[in-house]
Every structure is written in structure tokens, then in C-alpha cells.
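Pasting input20.json here (JSON, C-alpha atoms):
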```
[["chain", "number", "residue", "atom", "x", "y", "z"],
["A", 185, "MET", "CA", 17.39, 11.36, -11.05],
["A", 186, "LYS", "CA", 16.73, 11.78, -14.77],
["A", 187, "ASN", "CA", 19.73, 9.60, -15.62],
["A", 188, "TYR", "CA", 18.35, 6.95, -13.27],
["A", 189, "PHE", "CA", 15.01, 6.87, -15.08],
["A", 190, "GLN", "CA", 16.62, 6.97, -18.52],
["A", 191, "LYS", "CA", 18.56, 3.81, -17.69],
["A", 192, "LEU", "CA", 15.42, 2.06, -16.43],
["A", 193, "ILE", "CA", 13.45, 3.04, -19.51],
["A", 194, "SER", "CA", 16.24, 1.98, -21.89],
["A", 195, "ALA", "CA", 16.49, -1.40, -20.14],
["A", 196, "ASN", "CA", 12.69, -1.77, -19.98],
["A", 197, "LYS", "CA", 12.91, -2.19, -16.20],
["A", 198, "LEU", "CA", 10.47, 0.40, -14.92],
["A", 199, "ALA", "CA", 8.48, -0.66, -11.85],
["A", 200, "HIS", "CA", 4.70, -0.38, -12.05],
["A", 201, "ALA", "CA", 4.49, 2.51, -9.57],
["A", 202, "TYR", "CA", 6.66, 5.26, -8.09],
["A", 203, "LEU", "CA", 6.12, 7.80, -5.34],
["A", 204, "LEU", "CA", 8.18, 10.91, -6.12],
["A", 205, "VAL", "CA", 8.58, 12.65, -2.76],
["A", 206, "GLY", "CA", 9.56, 16.31, -2.79],
["A", 207, "SER", "CA", 9.03, 16.43, -6.52],
["A", 208, "SER", "CA", 6.80, 18.39, -8.85],
["A", 209, "LEU", "CA", 4.54, 17.53, -11.74],
["A", 210, "GLU", "CA", 7.31, 18.55, -14.13],
["A", 211, "LEU", "CA", 9.48, 15.53, -13.26],
["A", 212, "ALA", "CA", 6.56, 13.14, -13.68],
["A", 213, "LEU", "CA", 5.84, 14.66, -17.10],
["A", 214, "TRP", "CA", 9.52, 14.37, -18.06],
["A", 215, "ILE", "CA", 9.48, 10.66, -17.11],
["A", 216, "THR", "CA", 6.29, 10.21, -19.11],
["A", 217, "GLN", "CA", 7.75, 11.94, -22.14],
["A", 218, "SER", "CA", 10.81, 9.69, -21.90],
["A", 219, "VAL", "CA", 8.56, 6.61, -21.87],
["A", 220, "TYR", "CA", 6.90, 7.65, -25.15],
["A", 221, "CYS", "CA", 9.75, 9.59, -26.77],
["A", 222, "LYS", "CA", 11.27, 7.95, -29.83],
["A", 223, "GLU", "CA", 14.69, 8.89, -28.49],
["A", 224, "GLN", "CA", 13.74, 7.84, -24.92],
["A", 225, "ASN", "CA", 15.07, 11.12, -23.56],
["A", 226, "ALA", "CA", 12.11, 13.51, -23.51],
["A", 227, "CYS", "CA", 13.45, 15.36, -26.53],
["A", 228, "GLY", "CA", 10.54, 17.80, -26.48],
["A", 229, "GLN", "CA", 10.41, 17.84, -30.26],
["A", 230, "CYS", "CA", 8.76, 14.58, -31.32],
["A", 231, "ALA", "CA", 4.97, 14.29, -31.64],
["A", 232, "ASN", "CA", 4.59, 12.30, -28.43],
["A", 233, "CYS", "CA", 6.63, 14.75, -26.35],
["A", 234, "ARG", "CA", 4.66, 17.68, -27.69],
["A", 235, "ARG", "CA", 1.30, 16.00, -27.06],
["A", 236, "ILE", "CA", 2.25, 15.19, -23.47],
["A", 237, "GLU", "CA", 3.45, 18.75, -22.96],
["A", 238, "HIS", "CA", 0.10, 20.07, -24.21],
["A", 239, "GLY", "CA", -1.94, 17.51, -22.27],
["A", 240, "ASN", "CA", -3.54, 15.72, -25.19],
["A", 241, "HIS", "CA", -1.82, 12.34, -25.38],
["A", 242, "PRO", "CA", -4.61, 9.72, -25.21],
["A", 243, "ASP", "CA", -2.65, 7.28, -23.01],
["A", 244, "VAL", "CA", -1.46, 9.79, -20.41],
["A", 245, "HIS", "CA", -3.89, 10.56, -17.59],
["A", 246, "ILE", "CA", -3.30, 13.20, -14.92],
["A", 247, "VAL", "CA", -5.27, 13.46, -11.68],
["A", 248, "VAL", "CA", -5.09, 16.69, -9.68],
["A", 249, "PRO", "CA", -7.02, 17.74, -6.56],
["A", 250, "ASP", "CA", -10.63, 18.71, -7.08],
["A", 251, "GLY", "CA", -10.64, 21.69, -4.76],
["A", 252, "THR", "CA", -8.60, 20.70, -1.71],
["A", 253, "LYS", "CA", -8.82, 16.92, -2.12],
["A", 254, "ILE", "CA", -8.44, 14.13, -4.66],
["A", 255, "LYS", "CA", -11.76, 12.33, -4.50],
["A", 256, "VAL", "CA", -12.75, 8.71, -4.95],
["A", 257, "ASP", "CA", -14.64, 9.38, -8.18],
["A", 258, "GLN", "CA", -11.43, 10.68, -9.74],
["A", 259, "ILE", "CA", -9.61, 7.45, -8.84],
["A", 260, "ARG", "CA", -12.50, 5.33, -10.10],
["A", 261, "GLU", "CA", -12.34, 7.14, -13.43],
["A", 262, "LEU", "CA", -8.61, 6.40, -13.50],
["A", 263, "GLN", "CA", -9.37, 2.72, -12.87],
["A", 264, "ARG", "CA", -11.88, 2.66, -15.73],
["A", 265, "GLU", "CA", -9.21, 4.05, -18.05],
["A", 266, "ALA", "CA", -6.66, 1.54, -16.79],
["A", 267, "ALA", "CA", -9.01, -1.34, -17.59],
["A", 268, "LEU", "CA", -8.99, -0.32, -21.26],
["A", 269, "LYS", "CA", -6.18, -1.03, -23.69],
["A", 270, "ALA", "CA", -3.82, 1.78, -24.52],
["A", 271, "VAL", "CA", -5.17, 3.77, -27.46],
["A", 272, "GLU", "CA", -1.86, 3.63, -29.30],
["A", 273, "GLY", "CA", -0.86, 0.16, -28.19],
["A", 274, "GLN", "CA", 1.74, 1.24, -25.65],
["A", 275, "LYS", "CA", 1.89, 1.67, -21.91],
["A", 276, "GLN", "CA", -0.69, 3.83, -20.14],
["A", 277, "VAL", "CA", 0.69, 6.34, -17.63],
["A", 278, "PHE", "CA", -1.32, 7.64, -14.68],
["A", 279, "ILE", "CA", 0.05, 10.67, -12.86],
["A", 280, "ILE", "CA", -1.45, 11.60, -9.50],
["A", 281, "ASP", "CA", -0.29, 15.09, -8.60],
["A", 282, "LYS", "CA", -0.31, 16.10, -4.91],
["A", 283, "ALA", "CA", -1.02, 12.50, -3.96],
["A", 284, "SER", "CA", -1.07, 13.34, -0.24],
["A", 285, "LYS", "CA", -4.35, 15.17, -0.93],
["A", 286, "MET", "CA", -6.24, 11.93, -1.59],
["A", 287, "ASN", "CA", -9.13, 11.48, 0.79],
["A", 288, "GLU", "CA", -9.48, 8.15, 2.57],
["A", 289, "ASN", "CA", -11.86, 6.58, 0.03],
["A", 290, "ALA", "CA", -9.69, 7.67, -2.89],
["A", 291, "ALA", "CA", -6.56, 6.26, -1.25],
["A", 292, "ASN", "CA", -8.23, 2.92, -0.56],
["A", 293, "ALA", "CA", -9.49, 2.74, -4.14],
["A", 294, "LEU", "CA", -6.00, 3.44, -5.49],
["A", 295, "LEU", "CA", -4.57, 0.78, -3.19],
["A", 296, "LYS", "CA", -6.61, -1.87, -5.00],
["A", 297, "SER", "CA", -5.05, -0.84, -8.32],
["A", 298, "LEU", "CA", -1.55, -0.94, -6.86],
["A", 299, "GLU", "CA", -2.10, -4.35, -5.26],
["A", 300, "GLU", "CA", -3.13, -5.88, -8.61],
["A", 301, "PRO", "CA", -1.50, -3.69, -11.28],
["A", 302, "LEU", "CA", -2.66, -4.21, -14.82],
["A", 303, "GLN", "CA", -0.09, -4.97, -17.47],
["A", 304, "ASP", "CA", 1.46, -2.02, -19.28],
["A", 305, "THR", "CA", 0.42, 0.59, -16.73],
["A", 306, "LEU", "CA", 2.70, 3.02, -14.91],
["A", 307, "TYR", "CA", 1.63, 5.02, -11.87],
["A", 308, "LEU", "CA", 3.55, 8.15, -10.89],
["A", 309, "LEU", "CA", 2.49, 9.64, -7.54],
["A", 310, "VAL", "CA", 3.83, 13.13, -6.94],
["A", 311, "SER", "CA", 3.86, 14.61, -3.45],
["A", 312, "GLU", "CA", 5.78, 17.10, -1.36],
["A", 313, "THR", "CA", 5.54, 14.72, 1.59],
["A", 314, "LYS", "CA", 4.83, 11.11, 2.52],
["A", 315, "ASN", "CA", 2.63, 12.31, 5.36],
["A", 316, "ASN", "CA", -1.05, 11.43, 4.91],
["A", 317, "ILE", "CA", -0.25, 8.77, 2.31],
["A", 318, "LEU", "CA", -1.36, 5.33, 3.51],
["A", 319, "PRO", "CA", 1.55, 3.13, 4.61],
["A", 320, "THR", "CA", -0.05, 0.34, 2.57],
["A", 321, "ILE", "CA", 0.28, 2.49, -0.56],
["A", 322, "ILE", "CA", 3.89, 3.37, 0.29],
["A", 323, "SER", "CA", 4.70, -0.32, 0.74],
["A", 324, "ARG", "CA", 3.44, -1.07, -2.81],
["A", 325, "VAL", "CA", 5.34, 1.60, -4.71],
["A", 326, "GLN", "CA", 8.98, 2.50, -5.12],
["A", 327, "THR", "CA", 9.59, 5.67, -3.15],
["A", 328, "LEU", "CA", 12.19, 8.09, -4.47],
["A", 329, "LYS", "CA", 13.11, 11.10, -2.40],
["A", 330, "ILE", "CA", 13.87, 13.99, -4.68],
["A", 331, "LYS", "CA", 14.69, 16.53, -2.01],
["A", 332, "GLU", "CA", 18.17, 16.71, -0.56],
["A", 333, "GLU", "CA", 18.90, 13.85, 1.80],
["A", 334, "ASN", "CA", 19.66, 14.76, 5.41],
["A", 335, "ARG", "CA", 17.88, 18.08, 5.00],
["A", 336, "LEU", "CA", 17.06, 18.24, 8.69],
["A", 337, "VAL", "CA", 20.59, 17.31, 9.69],
["A", 338, "SER", "CA", 22.07, 20.26, 7.82],
["A", 339, "GLU", "CA", 19.38, 22.63, 9.10],
["A", 340, "ALA", "CA", 19.83, 21.39, 12.67],
["A", 341, "GLU", "CA", 23.56, 21.98, 12.46],
["A", 342, "LYS", "CA", 22.94, 25.62, 11.54],
["A", 343, "THR", "CA", 20.85, 26.15, 14.68],
["A", 344, "ASN", "CA", 22.91, 23.85, 16.93],
["A", 345, "LEU", "CA", 19.84, 21.66, 17.44],
["A", 346, "GLN", "CA", 20.97, 18.33, 18.91],
["A", 347, "LEU", "CA", 18.50, 15.45, 18.71],
["A", 348, "LYS", "CA", 19.02, 11.68, 18.52],
["A", 349, "TYR", "CA", 16.54, 10.78, 15.82],
["A", 350, "LEU", "CA", 16.86, 13.38, 13.07],
["A", 351, "ASN", "CA", 16.89, 10.60, 10.46],
["A", 352, "ILE", "CA", 13.45, 9.49, 11.67],
["A", 353, "TYR", "CA", 12.09, 13.05, 11.53],
["A", 354, "GLU", "CA", 13.55, 13.27, 8.03],
["A", 355, "ASP", "CA", 11.67, 10.11, 7.08],
["A", 356, "CYS", "CA", 8.49, 11.72, 8.47],
["A", 357, "ASN", "CA", 9.23, 14.80, 6.35],
["A", 358, "LEU", "CA", 8.90, 17.07, 9.38],
["A", 359, "SER", "CA", 9.93, 20.67, 9.00],
["A", 360, "ILE", "CA", 12.72, 22.15, 11.09],
["A", 361, "GLU", "CA", 10.05, 24.36, 12.70],
["A", 362, "GLN", "CA", 8.08, 21.31, 13.87],
["A", 363, "VAL", "CA", 11.18, 19.64, 15.25],
["A", 364, "GLU", "CA", 12.24, 22.80, 17.09],
["A", 365, "GLN", "CA", 8.74, 23.23, 18.52],
["A", 366, "TYR", "CA", 8.93, 19.80, 20.16],
["A", 367, "LYS", "CA", 12.69, 19.61, 20.69],
["A", 368, "ASP", "CA", 12.32, 19.03, 24.43],
["A", 369, "SER", "CA", 10.09, 15.98, 24.02],
["A", 370, "ILE", "CA", 10.19, 14.54, 20.51],
["A", 371, "ASP", "CA", 13.15, 12.20, 21.14],
["A", 372, "GLU", "CA", 11.34, 10.85, 24.18],
["A", 373, "TRP", "CA", 8.24, 10.29, 22.04],
["A", 374, "VAL", "CA", 10.24, 8.12, 19.65],
["A", 375, "ASP", "CA", 11.50, 6.06, 22.59],
["A", 376, "VAL", "CA", 7.96, 5.70, 23.98],
["A", 377, "ILE", "CA", 6.57, 4.58, 20.60],
["A", 378, "SER", "CA", 9.44, 2.17, 19.92],
["A", 379, "THR", "CA", 9.23, 0.63, 23.39],
["A", 380, "THR", "CA", 5.46, 0.32, 23.39],
["A", 381, "LEU", "CA", 5.26, -1.23, 19.93],
["A", 382, "SER", "CA", 7.84, -3.84, 20.91],
["A", 383, "GLN", "CA", 5.96, -4.93, 24.04],
["A", 384, "ASN", "CA", 3.39, -7.66, 24.47],
["A", 385, "THR", "CA", -0.24, -6.59, 24.63],
["A", 386, "SER", "CA", -0.60, -6.29, 28.42],
["A", 387, "ASN", "CA", 2.58, -4.25, 28.86],
["A", 388, "ALA", "CA", 1.73, -2.09, 25.84],
["A", 389, "LEU", "CA", -1.70, -1.32, 27.30],
["A", 390, "LEU", "CA", -0.07, -0.38, 30.60],
["A", 391, "SER", "CA", 2.32, 1.97, 28.77],
["A", 392, "VAL", "CA", -0.58, 3.62, 26.95],
["A", 393, "GLN", "CA", -2.45, 4.16, 30.19],
["A", 394, "THR", "CA", 0.54, 5.50, 32.12],
["A", 395, "SER", "CA", 2.68, 7.45, 29.64],
["A", 396, "TRP", "CA", 0.88, 8.17, 26.37],
["A", 397, "ASP", "CA", -1.68, 10.60, 27.79],
["A", 398, "LYS", "CA", 1.16, 12.52, 29.47],
["A", 399, "ASN", "CA", 3.30, 12.67, 26.32],
["A", 400, "PHE", "CA", 0.60, 13.24, 23.72],
["A", 401, "ASN", "CA", -1.75, 15.71, 25.36],
["A", 402, "ASP", "CA", -2.98, 17.89, 22.48],
["A", 403, "LYS", "CA", -4.30, 17.23, 18.98],
["A", 404, "GLU", "CA", -1.10, 18.24, 17.18],
["A", 405, "SER", "CA", 1.11, 15.99, 19.31],
["A", 406, "LYS", "CA", -1.34, 13.12, 18.82],
["A", 407, "GLN", "CA", -1.25, 13.64, 15.05],
["A", 408, "LEU", "CA", 2.54, 13.71, 15.21],
["A", 409, "ALA", "CA", 2.45, 10.44, 17.17],
["A", 410, "THR", "CA", 0.59, 8.75, 14.29],
["A", 411, "VAL", "CA", 3.11, 10.15, 11.78],
["A", 412, "LEU", "CA", 5.93, 8.66, 13.85],
["A", 413, "MET", "CA", 4.04, 5.35, 14.07],
["A", 414, "GLN", "CA", 3.62, 5.32, 10.29],
["A", 415, "SER", "CA", 7.37, 5.80, 9.98],
["A", 416, "TYR", "CA", 7.90, 2.91, 12.42],
["A", 417, "VAL", "CA", 5.69, 0.62, 10.32],
["A", 418, "ARG", "CA", 7.45, 1.65, 7.09],
["A", 419, "SER", "CA", 10.78, 0.81, 8.71],
["A", 420, "ALA", "CA", 9.46, -2.54, 9.93],
["A", 421, "VAL", "CA", 8.45, -3.40, 6.37],
["A", 422, "LEU", "CA", 11.89, -2.37, 5.06],
["A", 423, "ILE", "CA", 13.71, -4.37, 7.73],
["A", 424, "LYS", "CA", 11.52, -7.38, 6.97],
["A", 425, "ARG", "CA", 12.68, -7.06, 3.35],
["A", 426, "GLY", "CA", 16.31, -6.83, 4.42],
["A", 427, "LYS", "CA", 16.66, -3.16, 3.52],
["A", 428, "PRO", "CA", 18.04, -0.24, 5.57],
["A", 429, "SER", "CA", 15.58, 1.86, 7.53],
["A", 430, "SER", "CA", 15.47, 4.94, 9.74],
["A", 431, "TRP", "CA", 14.40, 3.01, 12.88],
["A", 432, "GLU", "CA", 16.75, 0.53, 14.53],
["A", 433, "ILE", "CA", 14.22, -2.02, 15.73],
["A", 434, "ASP", "CA", 13.60, -5.72, 15.93],
["A", 435, "VAL", "CA", 10.65, -6.89, 13.84],
["A", 436, "PRO", "CA", 8.91, -9.79, 15.59],
["A", 437, "TYR", "CA", 5.90, -9.49, 13.25],
["A", 438, "SER", "CA", 4.73, -11.69, 10.40],
["A", 439, "TRP", "CA", 3.69, -10.03, 7.12],
["A", 440, "GLU", "CA", 0.05, -10.47, 8.12],
["A", 441, "GLN", "CA", 0.71, -8.73, 11.43],
["A", 442, "LEU", "CA", 2.46, -5.85, 9.66],
["A", 443, "VAL", "CA", -0.62, -5.35, 7.51],
["A", 444, "GLN", "CA", -2.71, -5.20, 10.69],
["A", 445, "LEU", "CA", -0.28, -2.65, 12.15],
["A", 446, "GLU", "CA", -0.70, -0.45, 9.07],
["A", 447, "LYS", "CA", -4.49, -0.63, 9.32],
["A", 448, "GLY", "CA", -4.38, 0.06, 13.05],
["A", 449, "VAL", "CA", -2.29, 3.21, 12.67],
["A", 450, "ASN", "CA", -4.68, 4.46, 9.98],
["A", 451, "ASN", "CA", -7.63, 3.86, 12.32],
["A", 452, "ILE", "CA", -5.93, 5.92, 15.03],
["A", 453, "GLN", "CA", -5.33, 8.73, 12.55],
["A", 454, "ARG", "CA", -8.99, 8.68, 11.54],
["A", 455, "ALA", "CA", -10.03, 8.80, 15.21],
["A", 456, "ILE", "CA", -7.93, 11.93, 15.75],
["A", 457, "HIS", "CA", -9.29, 13.66, 12.64],
["A", 458, "SER", "CA", -12.86, 12.94, 13.75],
["A", 459, "ASN", "CA", -12.12, 14.11, 17.31],
["A", 460, "GLY", "CA", -12.42, 10.57, 18.63],
["A", 461, "HIS", "CA", -10.89, 9.39, 21.89],
["A", 462, "PHE", "CA", -7.16, 9.00, 21.31],
["A", 463, "LEU", "CA", -6.39, 6.67, 24.23],
["A", 464, "LEU", "CA", -9.34, 4.39, 23.46],
["A", 465, "ALA", "CA", -8.16, 4.17, 19.86],
["A", 466, "MET", "CA", -4.64, 3.36, 21.07],
["A", 467, "GLU", "CA", -5.89, 0.69, 23.46],
["A", 468, "ASP", "CA", -7.99, -0.88, 20.71],
["A", 469, "PHE", "CA", -4.93, -0.81, 18.44],
["A", 470, "PHE", "CA", -2.78, -2.76, 20.89],
["A", 471, "ILE", "CA", -5.55, -5.22, 21.66],
["A", 472, "GLN", "CA", -5.97, -5.99, 17.96],
["A", 473, "LYS", "CA", -2.40, -5.68, 16.69],
["A", 474, "ILE", "CA", -1.43, -9.31, 17.17]]
```

As C-alpha cells, please, write out the structure in this file.
Amino acid sequence: MKNYFQKLISANKLAHAYLLVGSSLELALWITQSVYCKEQNACGQCANCRRIEHGNHPDVHIVVPDGTKIKVDQIRELQREAALKAVEGQKQVFIIDKASKMNENAANALLKSLEEPLQDTLYLLVSETKNNILPTIISRVQTLKIKEENRLVSEAEKTNLQLKYLNIYEDCNLSIEQVEQYKDSIDEWVDVISTTLSQNTSNALLSVQTSWDKNFNDKESKQLATVLMQSYVRSAVLIKRGKPSSWEIDVPYSWEQLVQLEKGVNNIQRAIHSNGHFLLAMEDFFIQKI
């Protein structure tokens, strides 16, 4: 991964934002040092590398959770810094550690910055998981998975766990314990979600009324349903862009409709967190999705 970033930095081809999944703050700091290092390799000896290591470089800004969450005021402060010119005339780097801890307002505020990135800014989002990160944010950054690919596949082989959609559960960053807990039903859930999302509104509403309540009958399974739906939407965006994805689906949606799908899934997730009515939220989602 370091060689990958060194090549991008040397060729001046860094994207404006990256989500480093399964990574730690150390990698983000190494990338940042490489951006400012005179040798472009995070030598650790030059003045810039040392200042970044000690947290006192004026153009490097790090956001960490305030308590258990990253709050909107922290992101707004980041935005104020981004609106200013770099102190030393170079790129400004904004590192958001544990990005999945952003509360809803903070995530929506960050989304505005990612939609209209300012020149000479680099955002590095660090997170153990993509769960709880808005699909709209994920669609506007380059996601790099630092953890071993096919983690679940190798773990499932050890326990002789045979499921059809391990690549989807990998995309959702589910643990082997979660997959084993729902091993008798989780494949069926994927089929239900895929079928329902591909149907027209009337048939989708019928599916919700007849099968969703039976399949998703407790809070944890409902939360897992939204995680699977987020994965579905991410795959739809990738397929629309002509890229490989974890779901094998047709994408009959326009870009505008995909945006509405993303918002709808987020609304369902909020309803679950606030103990709202899951089926009503689902019905409203399918009524509004097209």
C-alpha cells in the first residue's frame, strides 16, 4: 500500500479524498509525511516529517472523536481551516480518525466538503469499517481496503461455513461471529433485499408487507438489513460506473435515483436507531425511491 501511495505522490496524481478501511492513524500519518517530505518517502528525518510526527505542522489537521462521537462542530472547524490558504503554500491535509464515529450532522457537513473539494486539499478518512459511513460519502472518496481481502472466506473455510454471499458480507465488513449467528437466514435476506429492490413499487410494497417482517423481526436483524442495503447501493454505483462489485445485479436506476436510494437507506437506518417503525420506514422508502 505504501508503494502505491508513493507512486501517486511522485506522479502528483493523488485523489482529493481516500477512505482507508481497516487501517490505523499511522498509515494516514505516513501518507501525510510522504506528501510533505522532501524525499517523498516519509523519511522521518526532515523537518516536515518530524513536525507531522509531533503534531505541530500548521497544514496538517487531525480530527478524532470527542468522547464517543465526531461532532458537527469539529467538522465545521475543519471546513474553516480548509477555506484558508495553506500556511506554507502547499497542500492542506485533513485526517479524520475513526471516521465511522461521525454523528449524522457531522457526516452531512463533511459530505458538502467532499462534493465540492477545495483546491490543494487532501482528506484521509481512517476507519476499521465502512459500516455507519454514509453511502454518499463512500461514493465521493476512493476506498482502499487495508485488511486482507477475502477475510471471511478464509475464516469460513476453517469452520466449514458454507454461504453463497460471503463476498457481500465481506463488503459489509461483518465479523465471522455475526455471519455464524445468522448463518441459517442471512443468504435468504440477501435474496429478499435483491429481489425487492429490483421490483416495481407495488410489488416491492407487497414483498415488504409479506416477507420483511418475518425475516427482520428484531432490532439487530433490522440494522443488518440496512447494512446489506447500503452494500447493495454501493454496488449499484460501482456497476453504473462500469466497475466490479460484490452484488450481481441489474441497475435500472438513473444517477438521480441512486442518490434517492442512498438517502432512503439512511432514513431507514435513522428510524431504527430512534426506535421508529421499521416496516413503515420501508414502505415509505419504496414509495419514494423512484

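Nearest-residue note for A:Asn450: choosing from A:Gln346, A:Gln258, A:Asn387, A:Asn316, the minimum distance belongs to A:Asn316, counting all atoms listed in the file.
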
Using 12 Å as the limit and counting all atoms listed in the file, can you tabulate each residue of stretch 355-431 of chain A that touches stretch 204-221 of chain A, with its shortest atom-to-atom distance in Å and the two atoms involved, as JSON lines?
```
{"residue": "A:Asp355", "atom": "CA", "partner": "A:Val205", "partner_atom": "CA", "distance": 10.6}
{"residue": "A:Cys356", "atom": "CA", "partner": "A:Val205", "partner_atom": "CA", "distance": 11.3}
{"residue": "A:Asn357", "atom": "CA", "partner": "A:Gly206", "partner_atom": "CA", "distance": 9.3}
```

Q: Quick one: pull the distance between atom CA of A:Thr320 and atom CA of A:Lys447, Å, one decimal.
A: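 Pair atom CA of A:Thr320 / atom CA of A:Lys447 returns 8.1 Å.
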
Q.
I'd like the neighbourhood of stretch 459-466 of chain A as a PyMOL selection string, where a residue qualifies if any of its atoms comes within 12 Å (using all atoms listed in the file), though same-chain residues fewer than 4 positions away should be ignored.
A. chain A and resi 377+380-381+385+388-407+409-410+413+445+448-455+470-473

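The closest residue to A:Glu364, picked from A:Ile321, A:Leu198, A:Val421, A:Leu345 and counting all atoms listed in the file, is A:Leu345.
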
Q.
Can you measure atom CA of A:Pro436 to atom CA of A:Leu347 for me? One decimal in Å is fine.
A.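 Spanning atom CA of A:Pro436 to atom CA of A:Leu347 is a straight-line distance of 27.2 Å.
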
(Q) I want to know what sits within 7 Å of A:Ser429, based on all atoms listed in the file, with residues of the same chain fewer than 3 positions away left out; could you give that as JSON, numbers by chain? (A) {"A": [419, 422, 423]}

Those residues with C-alpha atoms, as a compact mmCIF listing (two decimals), in the frame of the given file please?
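To be explicit, this is the file written out as result.txt:
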```txt
# COMPACT_ATOMS: atom_id res chain seq x y z
CA SER A 419 10.78 0.81 8.71
CA LEU A 422 11.89 -2.37 5.06
CA ILE A 423 13.71 -4.37 7.73
```

(Q) Applying 7 Å and all atoms listed in the file, which residues near stretch 241-257 of chain A remain after dropping the ones on its own chain fewer than 2 positions away? List them as a VMD selection string. (A) chain A and resid 235 to 236 239 259 to 261 270 to 271 276 to 282 285 to 287 289 to 290 293

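Atom CA of A:Val325 sits 9.5 Å away from atom CA of A:Glu299.
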
Q | Spatial neighbours of A:Tyr349, max dist 10 Å, all atoms listed in the file, sep filter under 2 positions, as a count of residues only | A | 14

Q: Using only C-alpha atoms, find the one residue out of A:Asn240, A:Tyr416, A:Leu358, A:Ala201 that sits nearest to A:Pro301.
A: A:Ala201

Stretch 391-408 of chain A, all listed atoms, 6 Å padding on each side: what axis-aligned box centre and edge lengths in Å to one decimal come out, as AutoDock Vina command-line options?
```
--center_x -0.5 --center_y 10.1 --center_z 23.6 --size_x 19.6 --size_y 28.3 --size_z 29.1
```
